[in-house]
Structures are given as structure tokens and as C-alpha cells.
Amino acid sequence: MPVLEVSSLSKIYEGKISTRALQGVSFRMERGEFVGVMGPSGSGKTTLLNVIATIDEPTSGKVMIEGRDPHRMSDDAAALFRRRELGFIFQQFNLLDTLTIEENIVLPLTLDGTPVREMESKAAAIAQRLGISELLNKYTYEVSGGEMQKTAIARAMIHRPSLILADEPTGNLDSKSSREVMEAFSSMNQEEQATIFMVTHDAVAASYCHRVIFIKDGKFYNEIYRGSNRQAFFQKIIDMLSLLGGDIHDLSTIRL
Ligand SMILES: Nc1ncnc2c1ncn2[C@@H]1O[C@H](COP(=O)(O)OP(=O)(O)OP(=O)(O)O)[C@@H](O)[C@H]1O
């Protein structure tokens, strides 16, 4: 069974002028896959992520996560499903600055009433994997952007959700921190079999994925697979982006 199955997904934003943000998008993700989504500005990437995240409702089509359709659940059941089955990582990190790094990391476990000892040992284990063990007692304003994003990764993964959704996770980072964060994603993907869906404009970040899906004007355009060579994959991504056209911003933000 795929972890994520998106079938004929369409989204129309109704208004004075209605916008077709997604049109018949279908794809699936298997357990342990790391998939990137790229496309020009306004092509529907965030809409796709929000519909998968159940933050937004589709106009038609279906999203199945672990064989269940969260859009058909009651609000309470969907909220619980989101908390248990999904992990979120954002461009702005979204950490709480009144909490320590450790308290931020264990937040999903706190909400689930996990005993303190268990939370501490899980936090220590995941922090070690991500190389942030020394930071656990610090506050967010005492650590770098890359360290904040690693903290966000730890928080998103500590409860071992079925699917991690990342929205421009390197968008606020310099190139060195971006690479460190992508290495962290990669190792969590390989060692923990974490299934990761990531929207990005950053071709270097995308080159860490197994597969990159390109969308244009709300439609599936193409997908490419990495194979063994990340450098060659990076070049293929750049070629596909120039074929796609769109906003020049997409190519100007490429950090080599
Ligand atoms: N809440 C909304 N109401 C109306 N239209 C919207 C809304 N959100 C997005 N859109 C429109 O839907 C289309 C897709 O937007 P979306 O934000 O998904 O694109 P994107 O690929 O994520 O863009 P970017 O790379 O600039 O973040 C755009 O035309 C956008 O203007």
C-alpha cells in the first residue's frame, strides 16, 4: 500500500475570477520515498501541499494517506490524524521561542501525554542523529537558522509520522546551512525510512530527493528520478526548470 496516493486532484479557488490551482494531479509515494515538487511561481505547489495536509479541501479528486481519506473525516478526527500521521516543516521553522530546543522537539509527544522519561530519551536519540545534542537546553534565539531547521525536523519526526510534509525548508537558509539541512533530511530518510514530500524552489535541495515531480499551471508536467549521482541529477533538474520556463526568480535563486 502506498503511503500517499493522490488521484485526479483538482482545486478551484472561487472568487470574482476563479482560479484553477490544480487540475487532475495524480501520483503516489511509497514508504521511505523522498519526493520533491518543483514548478514556476503560481503553478500550484503550495495548494498541492495544503490539500495533502488537509489544510485545504480539494474541489474534486482524492487524497489517501496510509489507505485513509482524511478529507472524509470529522474535524476532530482529521485534527488527530494530522497530529499523529503527519509531520510539518516550514520555511520559517515555526518553533516556539519561549521553549528550549528540547521542549520544541518533544512538543508532539507532550500533546500525546507521553511520560517525561520517554520524551527525554527520544529527544536525546533524535538530537544525536541530527547533530544537535549540545543545543537541547538552549533557546531558539541562541542557535543558527540551520540548527533551528534541524530542530524543526526533529520535532516533525519524533512521533514517527507516516508522512513528512516540508514547504521550502531551505528557503530561509544560506547555502552552507541548506546543505546541512538537506543532509539531515537525507539521513533521516535513509536511517528511519521517513517518507518525505518537499515543495522547493531550490534545485540543490531537490537534488537530494529520489524523485522530483514538476508541475505547471496546476498540472502534472513530468517527473525525474535521481539514480546514483546527485550532481548529474542536479543538472537534470536545472534543465527541466529551464524547459518549464516561468518566473525567472526560480532560476536566479539556484545556489550552487
Ligand atoms: N486562497 C487562495 N485564493 C485564491 N487563489 C489562490 C489562493 N491560493 C492560491 N491561489 C492561486 O492559485 C494558484 C496556485 O497558487 P500556489 O500558491 O499553490 O502556487 P505555488 O506554486 O505554490 O507558487 P509559489 O511558488 O509562488 O509559492 C495561483 O494562481 C494563486 O494565485
# chains A, B, ... in the order shown; residues from 1 in each chain; ligands from 1
>>> select_by_dssp(residues="region 1-237 of chain A", states="strand (DSSP E)", output="mmCIF file with C-alpha atoms, in the first residue's frame")
data_model
loop_
_atom_site.group_PDB
_atom_site.id
_atom_site.type_symbol
_atom_site.label_atom_id
_atom_site.label_comp_id
_atom_site.auth_asym_id
_atom_site.auth_seq_id
_atom_site.Cartn_x
_atom_site.Cartn_y
_atom_site.Cartn_z
ATOM 1 C CA LEU A 4 0.338 8.642 -0.161
ATOM 2 C CA GLU A 5 -1.965 8.309 -3.129
ATOM 3 C CA VAL A 6 -3.209 11.434 -4.867
ATOM 4 C CA SER A 7 -5.861 10.766 -7.531
ATOM 5 C CA SER A 8 -7.179 13.240 -10.109
ATOM 6 C CA LEU A 9 -6.812 16.096 -7.659
ATOM 7 C CA SER A 10 -8.318 19.422 -8.695
ATOM 8 C CA LYS A 11 -8.681 22.658 -6.803
ATOM 9 C CA ILE A 12 -10.548 25.725 -7.957
ATOM 10 C CA TYR A 13 -10.439 28.853 -5.814
ATOM 11 C CA THR A 19 -8.507 30.180 -10.322
ATOM 12 C CA ARG A 20 -7.805 26.594 -11.305
ATOM 13 C CA ALA A 21 -4.878 25.969 -8.986
ATOM 14 C CA LEU A 22 -4.738 22.180 -9.563
ATOM 15 C CA GLN A 23 -6.077 20.146 -12.461
ATOM 16 C CA GLY A 24 -6.206 16.358 -12.354
ATOM 17 C CA VAL A 25 -2.953 15.745 -10.486
ATOM 18 C CA SER A 26 -2.223 12.064 -9.698
ATOM 19 C CA PHE A 27 0.812 10.377 -8.176
ATOM 20 C CA ARG A 28 1.738 8.011 -5.379
ATOM 21 C CA MET A 29 4.535 7.735 -2.846
ATOM 22 C CA PHE A 34 11.810 11.257 -0.647
ATOM 23 C CA VAL A 35 9.941 13.267 -3.276
ATOM 24 C CA GLY A 36 10.386 16.893 -4.292
ATOM 25 C CA VAL A 37 7.845 19.089 -6.065
ATOM 26 C CA MET A 38 9.010 21.961 -8.237
ATOM 27 C CA SER A 60 -12.514 17.058 -6.753
ATOM 28 C CA GLY A 61 -10.263 14.034 -6.582
ATOM 29 C CA LYS A 62 -8.917 12.147 -3.616
ATOM 30 C CA VAL A 63 -6.010 12.060 -1.163
ATOM 31 C CA MET A 64 -5.324 8.762 0.611
ATOM 32 C CA ILE A 65 -2.708 8.576 3.364
ATOM 33 C CA LEU A 86 1.788 13.905 9.557
ATOM 34 C CA GLY A 87 4.900 15.911 10.368
ATOM 35 C CA PHE A 88 5.297 19.505 9.183
ATOM 36 C CA ILE A 89 8.404 21.528 8.345
ATOM 37 C CA PHE A 90 8.107 25.141 7.211
ATOM 38 C CA LEU A 163 4.368 11.298 6.050
ATOM 39 C CA ILE A 164 6.564 14.387 6.473
ATOM 40 C CA LEU A 165 5.431 17.498 4.577
ATOM 41 C CA ALA A 166 8.102 20.153 4.053
ATOM 42 C CA ASP A 167 7.357 23.551 2.499
ATOM 43 C CA ILE A 196 9.174 12.932 2.839
ATOM 44 C CA PHE A 197 7.246 15.199 0.461
ATOM 45 C CA MET A 198 9.013 18.528 -0.084
ATOM 46 C CA VAL A 199 8.000 21.626 -2.039
ATOM 47 C CA ARG A 211 12.359 11.779 -7.445
ATOM 48 C CA VAL A 212 11.271 15.275 -8.416
ATOM 49 C CA ILE A 213 7.781 15.956 -9.744
ATOM 50 C CA PHE A 214 7.339 19.089 -11.846
ATOM 51 C CA ILE A 215 4.018 20.856 -12.080
ATOM 52 C CA LYS A 216 2.997 23.650 -14.401
ATOM 53 C CA LYS A 219 -0.991 20.090 -13.946
ATOM 54 C CA PHE A 220 1.495 17.263 -13.637
ATOM 55 C CA TYR A 221 4.226 18.104 -16.169
ATOM 56 C CA ASN A 222 6.964 15.499 -15.699
ATOM 57 C CA GLU A 223 8.965 13.586 -13.119
ATOM 58 C CA ILE A 224 12.609 12.608 -12.984
ATOM 59 C CA TYR A 225 14.483 10.097 -10.826
#
>>> residues_around(residues="Arg31 (chain A)", least_positions_apart="2", cutoff="8 Å", atoms="only C-alpha atoms", output="MDAnalysis selection string")
chainID A and resid 2:3 29 33 193:195
>>> write_last_selection(atoms="N, CA and C atoms", output="PDB file, in the first residue's frame")
ATOM      1  N   PRO A   2       0.613   2.199  -0.905  1.00  0.00           N
ATOM      2  CA  PRO A   2       1.419   3.426  -0.887  1.00  0.00           C
ATOM      3  C   PRO A   2       1.129   4.244   0.373  1.00  0.00           C
ATOM      4  N   VAL A   3       2.103   5.032   0.829  1.00  0.00           N
ATOM      5  CA  VAL A   3       1.869   5.913   1.981  1.00  0.00           C
ATOM      6  C   VAL A   3       0.927   7.042   1.556  1.00  0.00           C
ATOM      7  N   MET A  29       3.230   7.825  -3.508  1.00  0.00           N
ATOM      8  CA  MET A  29       4.535   7.735  -2.846  1.00  0.00           C
ATOM      9  C   MET A  29       4.583   6.479  -2.003  1.00  0.00           C
ATOM     10  N   GLU A  33      10.123   6.850   0.526  1.00  0.00           N
ATOM     11  CA  GLU A  33      10.479   7.695  -0.628  1.00  0.00           C
ATOM     12  C   GLU A  33      10.687   9.144  -0.179  1.00  0.00           C
ATOM     13  N   GLN A 193      13.725   5.448   7.384  1.00  0.00           N
ATOM     14  CA  GLN A 193      12.702   5.154   6.375  1.00  0.00           C
ATOM     15  C   GLN A 193      11.592   6.209   6.378  1.00  0.00           C
ATOM     16  N   ALA A 194      11.960   7.461   6.738  1.00  0.00           N
ATOM     17  CA  ALA A 194      10.953   8.523   6.752  1.00  0.00           C
ATOM     18  C   ALA A 194      10.509   8.821   5.314  1.00  0.00           C
ATOM     19  N   THR A 195       9.212   8.984   5.135  1.00  0.00           N
ATOM     20  CA  THR A 195       8.649   9.296   3.825  1.00  0.00           C
ATOM     21  C   THR A 195       8.453  10.809   3.767  1.00  0.00           C
TER      22      THR A 195
END
>>> atom_distance(atom1="CA of Val181 (chain A)", atom2="CA of Tyr139 (chain A)")
18.9 Å
>>> residues_near_ligand(ligand="ligand 1", cutoff="8 Å", atoms="only C-alpha atoms and all ligand atoms", output="PyMOL selection string")
chain A and resi 12-15+18-22+38-48+200-201+217-218
>>> residues_around(residues="Lys176 (chain A)", least_positions_apart="6", cutoff="12 Å", atoms="only C-alpha atoms", output="ChimeraX atom specification")
/A:144-147,170,182-183,204-205,255-256
>>> residues_around(residues="Ala154 (chain A)", least_positions_apart="6", cutoff="10 Å", atoms="only C-alpha atoms", output="JSON, numbers by chain")
{"A": [87, 89, 101, 102, 104, 105, 106, 122, 123, 125, 126, 127, 129, 130, 132, 148, 160, 184, 185, 188]}
>>> residues_around(residues="region 75-81 of chain A", least_positions_apart="5", cutoff="12 Å", atoms="only C-alpha atoms", output="PyMOL selection string")
chain A and resi 52-57+65-66+68-70+86-87+108+111-112+161-163
>>> closest_residue(among="A:Gly245, A:Pro58, A:Leu107, A:Arg230", to="Arg72 (chain A)", atoms="only C-alpha atoms")
A:Pro58
>>> closest_residue(among="A:Phe93, A:Ile158, A:His210, A:Val143", to="Glu30 (chain A)", atoms="only C-alpha atoms")
A:His210
>>> select_by_dssp(residues="region 76-150 of chain A", states="helix (DSSP H, G or I)", output="PyMOL selection string")
chain A and resi 76-85+101-105+107-111+116-130+133-135+140-142+145-150
>>> write_last_selection(atoms="C-alpha atoms", output="compact mmCIF listing (two decimals), in the first residue's frame")
# COMPACT_ATOMS: atom_id res chain seq x y z
CA ASP A 76 -11.81 16.28 15.31
CA ALA A 77 -10.76 13.02 13.67
CA ALA A 78 -8.89 14.92 10.94
CA ALA A 79 -7.07 17.03 13.55
CA LEU A 80 -5.98 13.89 15.40
CA PHE A 81 -5.00 12.24 12.12
CA ARG A 82 -2.88 15.26 11.18
CA ARG A 83 -1.16 15.23 14.57
CA ARG A 84 -0.39 11.51 14.56
CA GLU A 85 0.22 10.72 10.90
CA ILE A 101 15.18 23.29 21.75
CA GLU A 102 14.36 20.08 23.62
CA GLU A 103 10.89 21.29 24.59
CA ASN A 104 10.23 22.24 20.98
CA ILE A 105 11.35 18.81 19.77
CA LEU A 107 6.01 19.02 21.54
CA PRO A 108 4.14 16.31 19.55
CA LEU A 109 4.80 13.84 22.39
CA THR A 110 3.70 16.36 25.03
CA LEU A 111 0.39 16.73 23.20
CA VAL A 116 8.69 12.63 30.59
CA ARG A 117 11.44 9.96 30.74
CA GLU A 118 10.38 8.55 27.38
CA MET A 119 10.27 12.03 25.86
CA GLU A 120 13.76 12.80 27.13
CA SER A 121 15.28 9.61 25.76
CA LYS A 122 13.56 10.05 22.38
CA ALA A 123 14.71 13.68 22.19
CA ALA A 124 18.28 12.67 23.05
CA ALA A 125 18.29 9.96 20.37
CA ILE A 126 16.92 12.12 17.56
CA ALA A 127 19.11 15.10 18.54
CA GLN A 128 22.15 12.88 18.32
CA ARG A 129 21.19 11.70 14.84
CA LEU A 130 20.81 15.28 13.72
CA SER A 133 22.69 17.26 21.12
CA GLU A 134 24.63 20.20 22.58
CA LEU A 135 21.76 22.57 21.87
CA THR A 140 15.76 29.30 19.58
CA TYR A 141 17.36 32.79 19.62
CA GLU A 142 20.64 31.21 20.74
CA GLY A 145 18.94 29.11 11.21
CA GLY A 146 20.23 25.71 10.13
CA GLU A 147 20.10 24.48 13.72
CA MET A 148 16.55 25.80 14.06
CA GLN A 149 15.55 23.89 10.94
CA LYS A 150 17.18 20.71 12.26
>>> residues_around(residues="Phe234 (chain A)", least_positions_apart="6", cutoff="9 Å", atoms="only C-alpha atoms", output="list of chain:residue names")
A:Ala203, A:Val204, A:Ala205, A:Ala206, A:Ser207, A:Tyr208, A:Arg226
>>> write_last_selection(atoms="N, CA and C atoms", output="PDB file, in the first residue's frame")
ATOM      1  N   ALA A 203      17.085  24.032  -6.415  1.00  0.00           N
ATOM      2  CA  ALA A 203      17.489  22.857  -7.189  1.00  0.00           C
ATOM      3  C   ALA A 203      18.497  22.002  -6.433  1.00  0.00           C
ATOM      4  N   VAL A 204      19.339  22.651  -5.617  1.00  0.00           N
ATOM      5  CA  VAL A 204      20.298  21.861  -4.818  1.00  0.00           C
ATOM      6  C   VAL A 204      19.524  21.008  -3.813  1.00  0.00           C
ATOM      7  N   ALA A 205      18.568  21.630  -3.132  1.00  0.00           N
ATOM      8  CA  ALA A 205      17.752  20.876  -2.170  1.00  0.00           C
ATOM      9  C   ALA A 205      17.034  19.725  -2.878  1.00  0.00           C
ATOM     10  N   ALA A 206      16.465  20.011  -4.036  1.00  0.00           N
ATOM     11  CA  ALA A 206      15.718  18.976  -4.771  1.00  0.00           C
ATOM     12  C   ALA A 206      16.616  17.814  -5.187  1.00  0.00           C
ATOM     13  N   SER A 207      17.907  18.105  -5.395  1.00  0.00           N
ATOM     14  CA  SER A 207      18.808  17.049  -5.867  1.00  0.00           C
ATOM     15  C   SER A 207      19.061  15.985  -4.798  1.00  0.00           C
ATOM     16  N   TYR A 208      18.622  16.224  -3.555  1.00  0.00           N
ATOM     17  CA  TYR A 208      18.734  15.210  -2.501  1.00  0.00           C
ATOM     18  C   TYR A 208      17.568  14.219  -2.540  1.00  0.00           C
ATOM     19  N   ARG A 226      16.472  10.241  -9.457  1.00  0.00           N
ATOM     20  CA  ARG A 226      17.853  10.595  -9.217  1.00  0.00           C
ATOM     21  C   ARG A 226      18.866   9.588  -9.746  1.00  0.00           C
TER      22      ARG A 226
END
